>>> print(open('run.cif').read())   # mmCIF, C-alpha atoms and all ligand atoms
data_protein
loop_
_atom_site.label_atom_id
_atom_site.label_comp_id
_atom_site.auth_asym_id
_atom_site.auth_seq_id
_atom_site.Cartn_x
_atom_site.Cartn_y
_atom_site.Cartn_z
CA MET A 1 227.99 241.00 138.30
CA SER A 2 229.12 244.66 138.23
CA GLN A 3 226.74 245.21 135.42
CA LYS A 4 223.80 243.80 137.31
CA PHE A 5 224.49 246.47 139.94
CA ILE A 6 224.98 249.25 137.41
CA GLU A 7 221.62 248.38 135.86
CA LYS A 8 220.05 249.06 139.25
CA ASP A 9 221.83 252.39 139.69
CA TYR A 10 224.53 251.27 142.10
CA GLN A 11 227.92 252.86 141.72
CA ILE A 12 231.00 250.67 141.27
CA VAL A 13 234.18 251.82 143.02
CA GLN A 14 237.78 250.67 142.81
CA GLU A 15 239.06 247.71 144.79
CA ASN A 16 240.71 249.67 147.58
CA GLU A 17 238.03 252.31 147.99
CA LYS A 18 235.52 252.51 150.76
CA ALA A 19 232.23 250.94 149.74
CA ASP A 20 228.88 250.03 151.28
CA ILE A 21 228.87 246.57 149.74
CA TYR A 22 231.90 244.43 148.92
CA ILE A 23 231.52 241.39 146.69
CA ILE A 24 234.47 239.01 146.75
CA ASN A 25 234.29 236.57 143.89
CA THR A 26 236.38 233.84 145.49
CA CYS A 27 238.65 231.31 143.84
CA THR A 28 239.36 227.84 145.19
CA VAL A 29 241.70 226.33 142.65
CA THR A 30 244.45 225.81 145.26
CA ASN A 31 244.60 225.95 149.06
CA MET A 32 246.49 229.20 148.54
CA SER A 33 243.56 230.72 146.62
CA ASP A 34 241.31 229.89 149.57
CA ARG A 35 243.71 231.66 151.90
CA LYS A 36 243.92 234.71 149.63
CA SER A 37 240.13 234.84 149.40
CA ARG A 38 239.85 234.81 153.20
CA GLN A 39 242.49 237.55 153.49
CA MET A 40 240.61 239.67 151.01
CA LEU A 41 237.33 239.20 152.86
CA ARG A 42 238.99 240.37 156.09
CA ARG A 43 240.69 243.27 154.40
CA VAL A 44 237.52 244.76 152.96
CA LYS A 45 235.75 244.55 156.29
CA GLU A 46 238.64 246.57 157.75
CA LEU A 47 238.20 249.16 155.01
CA ASN A 48 234.63 249.70 156.16
CA PRO A 49 233.44 247.77 159.23
CA ASN A 50 229.85 248.81 158.47
CA ALA A 51 229.89 247.45 154.95
CA ILE A 52 228.02 244.35 153.80
CA VAL A 53 230.61 241.76 152.83
CA VAL A 54 229.50 239.08 150.39
CA ALA A 55 231.53 235.99 149.45
CA CYS A 56 230.52 234.28 146.23
CA GLY A 57 232.12 232.11 143.57
CA CYS A 58 233.96 228.81 143.74
CA TYR A 59 235.38 228.83 147.27
CA ALA A 60 232.01 229.90 148.63
CA GLN A 61 230.40 227.12 146.62
CA VAL A 62 232.55 224.33 148.07
CA ALA A 63 233.07 225.72 151.61
CA LYS A 64 229.90 227.60 152.48
CA LYS A 65 229.91 226.57 156.16
CA GLU A 66 233.56 227.49 156.66
CA LEU A 67 232.94 230.97 155.28
CA GLU A 68 229.70 231.49 157.17
CA GLU A 69 231.70 231.04 160.36
CA MET A 70 233.89 234.03 159.52
CA GLU A 71 232.51 237.00 161.40
CA GLU A 72 233.62 239.42 158.66
CA ILE A 73 231.18 237.88 156.18
CA ASP A 74 227.52 238.82 156.02
CA LEU A 75 226.35 236.70 153.12
CA VAL A 76 227.67 233.61 151.32
CA LEU A 77 226.50 232.93 147.77
CA GLY A 78 227.72 230.30 145.31
CA ASN A 79 228.16 230.30 141.56
CA GLU A 80 224.56 229.80 140.49
CA GLU A 81 223.39 232.73 142.64
CA LYS A 82 225.62 235.24 140.85
CA SER A 83 223.19 236.05 138.07
CA THR A 84 220.63 237.28 140.63
CA ILE A 85 223.11 238.65 143.16
CA VAL A 86 221.45 242.06 143.47
CA GLU A 87 218.17 240.46 144.57
CA PHE A 88 219.94 238.40 147.25
CA ILE A 89 221.73 241.45 148.62
CA GLU A 90 218.62 243.61 148.61
CA LYS A 91 216.77 240.84 150.45
CA TYR A 92 219.56 240.81 152.99
CA ILE A 93 219.37 244.59 153.41
CA ASN A 94 215.58 244.60 153.76
CA GLU A 95 214.91 241.39 155.64
CA LYS A 96 218.34 240.49 157.08
CA GLU A 97 217.93 237.20 155.23
CA ASN A 98 221.41 235.68 155.29
CA LYS A 99 220.81 231.93 155.38
CA ILE A 100 220.73 231.30 151.67
CA GLU A 101 220.32 227.71 150.58
CA LEU A 102 222.82 227.47 147.71
CA LYS A 103 221.78 225.61 144.60
CA ASP A 104 223.53 222.25 144.32
CA VAL A 105 225.85 223.04 141.45
CA MET A 106 226.32 219.32 140.67
CA LYS A 107 222.62 219.07 139.85
CA GLN A 108 222.45 222.09 137.56
CA LYS A 109 221.53 221.08 134.05
CA GLU A 110 221.21 224.44 132.34
CA TYR A 111 223.77 227.15 131.73
CA SER A 112 222.90 230.23 133.85
CA ASP A 113 222.96 233.03 131.37
CA PHE A 114 223.74 236.48 132.72
CA GLY A 115 222.01 238.07 129.74
CA LYS A 116 223.66 240.61 127.50
CA ILE A 117 226.81 242.16 128.92
CA THR A 118 227.96 245.65 128.06
CA TYR A 119 231.67 245.42 127.40
CA THR A 120 233.96 248.20 128.46
CA GLU A 121 236.94 246.74 126.57
CA LYS A 122 237.93 248.41 123.33
CA THR A 123 239.89 245.78 121.47
CA ARG A 124 239.28 242.31 122.84
CA ALA A 125 236.29 240.83 124.62
CA VAL A 126 236.22 237.55 126.49
CA VAL A 127 233.00 235.66 125.84
CA LYS A 128 231.99 232.77 128.05
CA VAL A 129 230.24 229.97 126.20
CA GLN A 130 230.16 227.14 128.70
CA ASP A 131 230.41 226.26 132.37
CA GLY A 132 231.35 223.14 134.30
CA CYS A 133 233.58 220.16 133.62
CA ASP A 134 233.06 216.40 133.59
CA ARG A 135 236.72 215.43 133.47
CA PHE A 136 237.62 215.10 137.15
CA CYS A 137 241.41 215.41 136.86
CA SER A 138 242.78 214.07 140.14
CA TYR A 139 244.32 217.40 141.24
CA CYS A 140 241.39 219.64 140.37
CA ILE A 141 238.49 220.89 142.48
CA ILE A 142 236.76 222.75 139.64
CA PRO A 143 234.15 220.09 138.76
CA TYR A 144 232.89 220.26 142.37
CA ALA A 145 232.77 224.06 142.36
CA ARG A 146 231.33 224.46 138.87
CA GLY A 147 229.30 221.31 138.34
CA ARG A 148 228.71 219.34 135.16
CA VAL A 149 229.07 220.68 131.63
CA ARG A 150 226.42 223.24 130.72
CA SER A 151 226.59 225.04 127.41
CA ARG A 152 225.28 228.46 126.63
CA LYS A 153 222.69 228.62 123.86
CA PRO A 154 224.24 229.58 120.50
CA LYS A 155 221.59 232.28 119.98
CA SER A 156 222.65 234.08 123.15
CA ILE A 157 226.35 233.87 122.23
CA ILE A 158 225.80 235.10 118.67
CA SER A 159 223.67 237.98 119.87
CA GLU A 160 226.31 239.00 122.41
CA ILE A 161 229.15 238.81 119.89
CA SER A 162 227.11 240.79 117.35
CA SER A 163 226.74 243.61 119.87
CA ILE A 164 230.46 243.37 120.67
CA ALA A 165 231.14 243.81 116.94
CA ASN A 166 228.79 246.80 116.82
CA LYS A 167 230.87 248.44 119.53
CA GLY A 168 233.91 248.19 117.26
CA ILE A 169 235.68 245.47 119.26
CA LYS A 170 237.68 243.40 116.79
CA GLU A 171 238.69 240.31 118.74
CA VAL A 172 236.70 237.81 120.78
CA VAL A 173 238.19 235.17 123.04
CA ILE A 174 235.97 232.11 123.38
CA THR A 175 236.23 230.84 126.89
CA GLY A 176 234.68 228.53 129.47
CA ILE A 177 235.75 225.92 131.98
CA HIS A 178 236.13 223.17 129.38
CA ILE A 179 235.21 224.54 125.98
CA ALA A 180 236.04 221.29 124.21
CA SER A 181 232.86 219.93 125.83
CA TYR A 182 230.72 222.70 124.35
CA GLY A 183 227.38 221.31 123.19
CA LYS A 184 227.78 217.95 124.92
CA ASP A 185 224.64 218.66 126.95
CA PHE A 186 222.47 219.73 123.99
CA LYS A 187 219.81 217.34 122.69
CA GLU A 188 220.62 218.09 119.06
CA LYS A 189 224.19 217.62 117.83
CA TYR A 190 225.83 221.02 117.96
CA GLU A 191 229.49 221.31 118.87
CA LEU A 192 232.18 223.94 119.32
CA ILE A 193 233.07 223.86 115.64
CA ASP A 194 229.43 224.58 114.67
CA LEU A 195 229.46 227.56 117.00
CA LEU A 196 232.78 228.84 115.62
CA GLU A 197 231.43 228.62 112.09
CA GLU A 198 228.57 230.89 113.08
CA ILE A 199 230.79 233.35 114.94
CA ASN A 200 233.07 233.52 111.92
CA LYS A 201 230.17 234.97 109.91
CA ILE A 202 229.63 237.93 112.24
CA GLU A 203 230.59 241.11 110.46
CA GLY A 204 233.05 243.37 112.25
CA ILE A 205 234.71 240.63 114.28
CA GLN A 206 238.15 240.15 112.80
CA ARG A 207 239.75 237.69 115.15
CA ILE A 208 238.39 234.69 117.03
CA ARG A 209 240.74 233.33 119.64
CA LEU A 210 240.16 230.08 121.46
CA GLY A 211 240.82 230.00 125.19
CA SER A 212 242.60 227.04 126.73
CA ILE A 213 241.49 223.83 125.06
CA GLU A 214 241.69 220.17 125.88
CA PRO A 215 244.07 218.58 123.35
CA LEU A 216 241.65 215.77 122.43
CA LEU A 217 239.39 218.33 120.76
CA ILE A 218 241.85 218.51 117.88
CA THR A 219 241.15 215.89 115.26
CA GLU A 220 241.75 215.96 111.50
CA GLU A 221 238.01 216.44 110.98
CA PHE A 222 237.87 219.36 113.43
CA ILE A 223 240.88 221.10 111.86
CA GLU A 224 239.62 220.61 108.33
CA ARG A 225 236.55 222.63 109.27
CA LEU A 226 238.46 225.05 111.47
CA GLU A 227 241.03 226.03 108.86
CA LYS A 228 238.26 227.28 106.58
CA LEU A 229 237.43 229.92 109.20
CA GLU A 230 239.72 232.80 108.29
CA LYS A 231 239.10 234.72 111.52
CA VAL A 232 240.28 231.96 113.86
CA CYS A 233 243.69 232.80 115.30
CA HIS A 234 246.51 230.36 114.73
CA HIS A 235 247.28 230.13 118.41
CA PHE A 236 246.27 227.19 120.53
CA HIS A 237 246.73 226.83 124.24
CA LEU A 238 246.73 223.08 124.81
CA SER A 239 246.91 222.10 128.46
CA LEU A 240 249.43 219.26 128.57
CA GLN A 241 250.18 219.22 132.36
CA SER A 242 252.85 216.52 132.07
CA GLY A 243 254.99 214.97 129.36
CA CYS A 244 255.13 211.59 131.09
CA ASN A 245 252.44 208.95 130.57
CA GLU A 246 252.66 207.56 134.11
CA THR A 247 252.17 211.02 135.61
CA LEU A 248 249.33 211.78 133.19
CA LYS A 249 247.62 208.61 134.30
CA ARG A 250 247.82 209.58 137.97
CA MET A 251 246.51 213.00 137.02
CA ASN A 252 243.57 211.25 135.34
CA ARG A 253 244.24 213.12 132.10
CA LYS A 254 242.67 211.28 129.22
CA TYR A 255 245.47 211.32 126.63
CA THR A 256 248.96 209.93 126.22
CA THR A 257 252.03 211.87 125.14
CA GLU A 258 251.93 210.00 121.82
CA GLU A 259 248.37 211.23 121.19
CA PHE A 260 249.34 214.73 122.23
CA GLU A 261 252.30 214.75 119.85
CA ASN A 262 250.06 213.59 117.05
CA ILE A 263 247.70 216.51 117.81
CA THR A 264 250.55 219.03 117.60
CA ASN A 265 251.58 217.44 114.29
CA ILE A 266 248.05 217.88 112.93
CA LEU A 267 248.06 221.54 113.93
CA ARG A 268 251.51 222.19 112.49
CA LYS A 269 250.57 220.46 109.25
CA HIS A 270 247.48 222.63 108.77
CA TYR A 271 248.89 225.97 109.96
CA ASN A 272 252.50 226.75 109.13
CA ASP A 273 252.57 229.76 111.47
CA VAL A 274 250.80 228.10 114.41
CA ILE A 275 251.90 229.00 117.93
CA LEU A 276 251.38 226.47 120.67
CA THR A 277 251.41 227.31 124.35
CA THR A 278 250.68 225.11 127.33
CA ASP A 279 250.34 224.59 131.09
CA ILE A 280 252.61 222.21 132.97
CA ILE A 281 252.42 221.04 136.57
CA VAL A 282 255.71 220.06 138.20
CA GLY A 283 256.09 218.05 141.39
CA PHE A 284 252.84 216.13 141.04
CA PRO A 285 252.67 213.39 143.73
CA GLY A 286 254.99 210.54 142.85
CA GLU A 287 256.80 212.44 140.08
CA THR A 288 260.23 210.80 140.19
CA GLU A 289 263.37 212.30 138.70
CA GLU A 290 262.96 209.89 135.82
CA GLU A 291 259.36 210.95 135.20
CA PHE A 292 260.32 214.60 135.28
CA GLU A 293 263.12 213.93 132.79
CA LYS A 294 260.57 212.30 130.48
CA THR A 295 258.49 215.48 130.70
CA TYR A 296 261.52 217.66 130.03
CA LYS A 297 262.53 215.61 126.98
CA PHE A 298 258.99 215.68 125.64
CA LEU A 299 258.72 219.45 126.09
CA LYS A 300 262.00 219.94 124.26
CA LYS A 301 260.64 217.91 121.38
CA ILE A 302 257.29 219.70 121.15
CA LYS A 303 258.91 223.13 121.57
CA PHE A 304 256.03 225.25 122.83
CA TYR A 305 256.28 228.98 122.32
CA LYS A 306 255.49 229.57 125.98
CA MET A 307 254.79 227.34 128.97
CA HIS A 308 252.95 228.33 132.12
CA VAL A 309 254.65 226.29 134.79
CA PHE A 310 252.81 225.54 138.04
CA LYS A 311 254.29 223.89 141.09
CA TYR A 312 251.80 221.28 142.21
CA SER A 313 249.94 222.40 145.26
CA PRO A 314 247.63 219.96 147.03
CA ARG A 315 243.99 220.95 146.98
CA LYS A 316 241.90 219.66 149.86
CA GLY A 317 239.01 217.53 148.59
CA THR A 318 240.85 216.16 145.55
CA LYS A 319 242.24 212.67 145.05
CA ALA A 320 245.79 213.89 144.43
CA ALA A 321 245.95 215.65 147.80
CA THR A 322 245.85 212.26 149.55
CA MET A 323 248.24 210.49 147.18
CA PRO A 324 251.47 209.13 148.66
CA ASN A 325 254.90 210.51 147.75
CA GLN A 326 254.14 214.22 147.83
CA ILE A 327 257.12 216.10 146.45
CA ASP A 328 259.36 218.36 148.46
CA GLY A 329 259.03 222.10 147.81
CA LYS A 330 262.71 222.49 146.88
CA ILE A 331 262.46 219.84 144.19
CA LYS A 332 259.35 221.49 142.81
CA GLU A 333 261.23 224.78 142.73
CA GLN A 334 264.19 223.27 140.82
CA ARG A 335 261.92 221.56 138.29
CA SER A 336 259.89 224.67 137.79
CA LYS A 337 263.04 226.74 137.21
CA LYS A 338 264.31 224.28 134.64
CA LEU A 339 261.07 224.42 132.67
CA ILE A 340 260.79 228.20 132.85
CA GLU A 341 264.32 228.42 131.42
CA LEU A 342 263.31 226.10 128.61
CA SER A 343 260.21 228.17 127.96
CA ASN A 344 262.22 231.41 127.79
CA LYS A 345 264.73 229.81 125.45
CA ASN A 346 261.98 228.55 123.15
CA GLN A 347 260.30 231.91 123.10
CA GLU A 348 263.51 233.69 122.19
CA SER A 349 264.28 231.27 119.43
CA TYR A 350 260.77 231.68 117.96
CA ASN A 351 260.98 235.44 118.26
CA LYS A 352 264.25 235.44 116.30
CA GLN A 353 262.37 233.87 113.42
CA TYR A 354 259.93 236.77 113.46
CA LEU A 355 262.61 239.45 113.49
CA ASN A 356 262.63 241.63 110.35
CA LYS A 357 259.46 239.96 109.10
CA GLU A 358 256.15 241.64 108.43
CA LEU A 359 253.77 241.07 111.33
CA GLU A 360 250.11 241.94 111.40
CA VAL A 361 249.40 243.31 114.86
CA LEU A 362 246.19 244.33 116.58
CA PHE A 363 247.23 247.13 118.91
CA GLU A 364 245.56 247.27 122.28
CA GLU A 365 246.99 249.96 124.47
CA GLU A 366 249.51 252.76 124.55
CA LYS A 367 251.85 253.84 127.34
CA GLU A 368 254.23 256.77 126.84
CA GLY A 369 254.22 256.47 123.07
CA ILE A 370 254.71 252.71 123.06
CA TYR A 371 251.90 250.52 121.81
CA ARG A 372 251.41 246.93 122.82
CA GLY A 373 249.58 244.41 120.71
CA HIS A 374 249.38 240.83 119.51
CA THR A 375 249.78 239.11 116.19
CA LYS A 376 247.09 236.70 115.16
CA ASN A 377 249.18 233.82 116.46
CA TYR A 378 249.61 235.61 119.81
CA ILE A 379 253.11 237.00 119.67
CA GLU A 380 253.11 240.07 121.86
CA VAL A 381 255.01 243.08 120.59
CA ASN A 382 255.86 246.66 121.51
CA TYR A 383 255.93 249.38 118.91
CA LYS A 384 257.00 252.97 119.29
CA THR A 385 255.14 255.43 117.14
CA ASN A 386 253.46 258.83 117.10
CA GLU A 387 250.51 257.48 115.16
CA LYS A 388 247.26 256.56 116.87
CA LEU A 389 247.12 252.78 116.63
CA GLU A 390 244.71 251.76 119.33
CA ASN A 391 242.33 249.05 118.13
CA LYS A 392 243.88 249.07 114.66
CA ILE A 393 245.36 246.13 112.81
CA VAL A 394 248.63 247.30 111.30
CA THR A 395 251.51 245.55 109.56
CA ILE A 396 254.84 246.30 111.23
CA VAL A 397 258.39 244.95 111.20
CA CYS A 398 260.23 244.32 114.48
CA LYS A 399 263.92 245.04 114.12
CA ASP A 400 264.93 244.44 117.72
CA LEU A 401 264.31 241.38 119.90
CA LYS A 402 263.37 243.74 122.73
CA GLN A 403 260.20 244.57 120.84
CA PHE A 404 258.90 241.12 121.68
CA VAL A 405 257.30 240.99 125.10
S1 LIG B 501 239.77 219.40 132.54
FE1 LIG B 501 240.48 221.29 133.54
S2 LIG B 501 238.72 222.03 134.74
FE2 LIG B 501 238.29 219.91 134.18
S3 LIG B 501 238.96 218.71 135.94
FE3 LIG B 501 240.67 218.75 134.48
S4 LIG B 501 241.92 220.54 135.06
FE4 LIG B 501 239.92 220.73 136.11
#
>>> encode(input="run.cif", output="structure tokens", more="lines below")
Ligand code: SF4
Amino acid sequence: MSQKFIEKDYQIVQENEKADIYIINTCTVTNMSDRKSRQMLRRVKELNPNAIVVACGCYAQVAKKELEEMEEIDLVLGNEEKSTIVEFIEKYINEKENKIELKDVMKQKEYSDFGKITYTEKTRAVVKVQDGCDRFCSYCIIPYARGRVRSRKPKSIISEISSIANKGIKEVVITGIHIASYGKDFKEKYELIDLLEEINKIEGIQRIRLGSIEPLLITEEFIERLEKLEKVCHHFHLSLQSGCNETLKRMNRKYTTEEFENITNILRKHYNDVILTTDIIVGFPGETEEEFEKTYKFLKKIKFYKMHVFKYSPRKGTKAATMPNQIDGKIKEQRSKKLIELSNKNQESYNKQYLNKELEVLFEEEKEGIYRGHTKNYIEVNYKTNEKLENKIVTIVCKDLKQFV
């Protein structure tokens, strides 16, 4: 969106600076995100009471009326309006047109392409290939805010990544709301693996990293094609959410722990240096002590490198928010702590294996003589040197555990 403004000669300022127009790209993933979005909208109006304040994004998409009632907000736009945001704002300035009929995101059939983006990053660029999700997990509002699966045309993605490569950026992260569904909406069969094969051919790109993926994407057939792509990073973020089948069922996740374990076995068989990370929700409605213990035992067995642990937070408008047996905050806290400890322990034990070994690191940034970068399988390291290493892939040896972030 910034770029759309830059193209029309607007000037972008920092978050806390006084501006004539504030765009708040709201999030609605939890009730807390809604609250934070509202706070932000109020805060910017205080920074400049004469400014035009625009709310867009997911919260605006699902709660347009609620936001329109806030006196701090001048204009409410959804997700589909973002690609033409400048036109909407200019119309508001010229004609005071503020009753915008938002497109029904659930009826959108085509991916709204923003066109070519000029990246300001030097080392790693995040490329969005898909929007929407058809999964309807019981705790998640995203399908209602983003709509059904819409995939970006391969031609547009390849052209964007080619220009990223021309800028000297070495790594691309392939992202979306549910990238495993990439291509599902195309008439001709064309899936994520077909797209990755094409990206792998782009000269200059040295690393292709997959954003969070649904575990069921990983099949023997998929991996057999994937492992031939030398640029694909051996790091997979597989969202597990729970290690207990009963909880997974209530979450409306479509796999069992047995299937998930099989998927991790496939990955570990094909890549001996693979790093697996995950997301876990603790305190989902009805999660008994016994269910949590099942999750804990399962996580110990799988031994992820890192786990992002979330305490379940009810989201208005989802099935899980009305489920009985909501879990007490203190219990959520204890469970979360226990899993974070396990995650830290796992990470340390993996890091020990990488001590005194040669690691190929792509360095991203430098602060006071210390560079930070990632290995291909996403181990983050610090390295002190006088050399200029930014955006270079260098082989180093870490001799101290503190070098691992
Ligand atoms: S797959 Fe992800 S985005 Fe889709 S409904 Fe489930 S949690 Fe939400």
>>> atom_distance(input="run.cif", atom1="CA of Ile266 (chain A)", atom2="CA of Leu342 (chain A)")
23.4 Å
>>> closest_atom_pairs(input="run.cif", of="chain A", to="ligand LIG 501 (chain B)", cutoff="6 Å", atoms="all atoms listed in the file", output="JSON lines")
{"residue": "A:Cys133", "atom": "CA", "partner": "B:LIG501", "partner_atom": "FE2", "distance": 4.7}
{"residue": "A:Arg135", "atom": "CA", "partner": "B:LIG501", "partner_atom": "S3", "distance": 4.7}
{"residue": "A:Phe136", "atom": "CA", "partner": "B:LIG501", "partner_atom": "S3", "distance": 4.0}
{"residue": "A:Cys137", "atom": "CA", "partner": "B:LIG501", "partner_atom": "FE3", "distance": 4.2}
{"residue": "A:Cys140", "atom": "CA", "partner": "B:LIG501", "partner_atom": "FE4", "distance": 4.6}
{"residue": "A:Ile142", "atom": "CA", "partner": "B:LIG501", "partner_atom": "FE4", "distance": 5.2}
{"residue": "A:Pro143", "atom": "CA", "partner": "B:LIG501", "partner_atom": "S3", "distance": 5.7}
{"residue": "A:Ile177", "atom": "CA", "partner": "B:LIG501", "partner_atom": "S2", "distance": 5.6}
>>> atom_distance(input="run.cif", atom1="CA of Lys357 (chain A)", atom2="CA of Thr123 (chain A)")
23.9 Å
>>> atom_distance(input="run.cif", atom1="CA of Ile393 (chain A)", atom2="CA of Val361 (chain A)")
5.3 Å
>>> residues_around(input="run.cif", residues="Tyr59 (chain A)", least_positions_apart="5", cutoff="12 Å", atoms="all atoms listed in the file", output="ChimeraX atom specification")
/A:24-38,41,64-68,76-79,141-142,144-146,315-317
>>> axis_aligned_box(input="run.cif", around="region 330-335 of chain A", padding_each_side="6 Å", output="lines of an AutoDock Vina configuration file")
center_x = 261.8
center_y = 222.3
center_z = 142.6
size_x = 16.8
size_y = 16.9
size_z = 20.6
>>> closest_residue(input="run.cif", among="A:Gln206, A:Thr118, A:Asn94, A:Gln334", to="Ser163 (chain A)", atoms="only C-alpha atoms")
A:Thr118
>>> closest_residue(input="run.cif", among="A:Lys254, A:Arg335, A:His234, A:Lys109", to="Ile281 (chain A)", atoms="only C-alpha atoms")
A:Arg335
>>> residues_around(input="run.cif", residues="Lys384 (chain A)", least_positions_apart="4", cutoff="8 Å", atoms="all atoms listed in the file", output="JSON, numbers by chain")
{"A": [369, 370, 371]}
>>> residues_near_point(input="run.cif", point="(232.9, 244.0, 150.0)", cutoff="7 Å", atoms="all atoms listed in the file", output="PyMOL selection string")
chain A and resi 19+21-24+44-45+51-54
>>> residues_around(input="run.cif", residues="Ser151 (chain A)", least_positions_apart="4", cutoff="10 Å", atoms="all atoms listed in the file", output="PDB file with C-alpha atoms, in the frame of the given file")
ATOM      1  CA  LYS A 109     221.530 221.080 134.050  1.00  0.00           C
ATOM      2  CA  GLU A 110     221.210 224.440 132.340  1.00  0.00           C
ATOM      3  CA  TYR A 111     223.770 227.150 131.730  1.00  0.00           C
ATOM      4  CA  SER A 112     222.900 230.230 133.850  1.00  0.00           C
ATOM      5  CA  ASP A 113     222.960 233.030 131.370  1.00  0.00           C
ATOM      6  CA  LYS A 128     231.990 232.770 128.050  1.00  0.00           C
ATOM      7  CA  VAL A 129     230.240 229.970 126.200  1.00  0.00           C
ATOM      8  CA  GLN A 130     230.160 227.140 128.700  1.00  0.00           C
ATOM      9  CA  ASP A 131     230.410 226.260 132.370  1.00  0.00           C
ATOM     10  CA  GLY A 132     231.350 223.140 134.300  1.00  0.00           C
ATOM     11  CA  GLY A 176     234.680 228.530 129.470  1.00  0.00           C
ATOM     12  CA  HIS A 178     236.130 223.170 129.380  1.00  0.00           C
ATOM     13  CA  ILE A 179     235.210 224.540 125.980  1.00  0.00           C
ATOM     14  CA  SER A 181     232.860 219.930 125.830  1.00  0.00           C
ATOM     15  CA  TYR A 182     230.720 222.700 124.350  1.00  0.00           C
ATOM     16  CA  GLY A 183     227.380 221.310 123.190  1.00  0.00           C
ATOM     17  CA  LYS A 184     227.780 217.950 124.920  1.00  0.00           C
ATOM     18  CA  ASP A 185     224.640 218.660 126.950  1.00  0.00           C
ATOM     19  CA  PHE A 186     222.470 219.730 123.990  1.00  0.00           C
ATOM     20  CA  GLU A 191     229.490 221.310 118.870  1.00  0.00           C
ATOM     21  CA  LEU A 192     232.180 223.940 119.320  1.00  0.00           C
TER      22      LEU A 192
END
>>> closest_residue(input="run.cif", among="A:Ala321, A:Ala165, A:Leu217, A:Ile158", to="Glu197 (chain A)", atoms="only C-alpha atoms")
A:Ile158
>>> residues_around(input="run.cif", residues="region 271-279 of chain A", least_positions_apart="3", cutoff="7 Å", atoms="only C-alpha atoms", output="mmCIF file with C-alpha atoms, in the coordinates of the input")
data_model
loop_
_atom_site.group_PDB
_atom_site.id
_atom_site.type_symbol
_atom_site.label_atom_id
_atom_site.label_comp_id
_atom_site.auth_asym_id
_atom_site.auth_seq_id
_atom_site.Cartn_x
_atom_site.Cartn_y
_atom_site.Cartn_z
ATOM 1 C CA HIS A 234 246.510 230.360 114.730
ATOM 2 C CA HIS A 235 247.280 230.130 118.410
ATOM 3 C CA PHE A 236 246.270 227.190 120.530
ATOM 4 C CA HIS A 237 246.730 226.830 124.240
ATOM 5 C CA LEU A 238 246.730 223.080 124.810
ATOM 6 C CA SER A 239 246.910 222.100 128.460
ATOM 7 C CA LEU A 240 249.430 219.260 128.570
ATOM 8 C CA GLN A 241 250.180 219.220 132.360
ATOM 9 C CA LEU A 267 248.060 221.540 113.930
ATOM 10 C CA ARG A 268 251.510 222.190 112.490
ATOM 11 C CA PHE A 304 256.030 225.250 122.830
ATOM 12 C CA TYR A 305 256.280 228.980 122.320
ATOM 13 C CA LYS A 306 255.490 229.570 125.980
ATOM 14 C CA MET A 307 254.790 227.340 128.970
ATOM 15 C CA HIS A 308 252.950 228.330 132.120
ATOM 16 C CA VAL A 309 254.650 226.290 134.790
ATOM 17 C CA ASN A 377 249.180 233.820 116.460
#
>>> residues_near_point(input="run.cif", point="(259.2, 216.0, 142.4)", cutoff="6 Å", atoms="all atoms listed in the file", output="list in words")
Gly283, Glu287, Thr288, Ile327, Ile331 and Lys332 of chain A
>>> residues_around(input="run.cif", residues="region 218-232 of chain A", least_positions_apart="5", cutoff="12 Å", atoms="only C-alpha atoms", output="VMD selection string")
chain A and resid 170 to 174 180 191 to 211 213 237 to 238 255 259 to 272 274 376 to 378
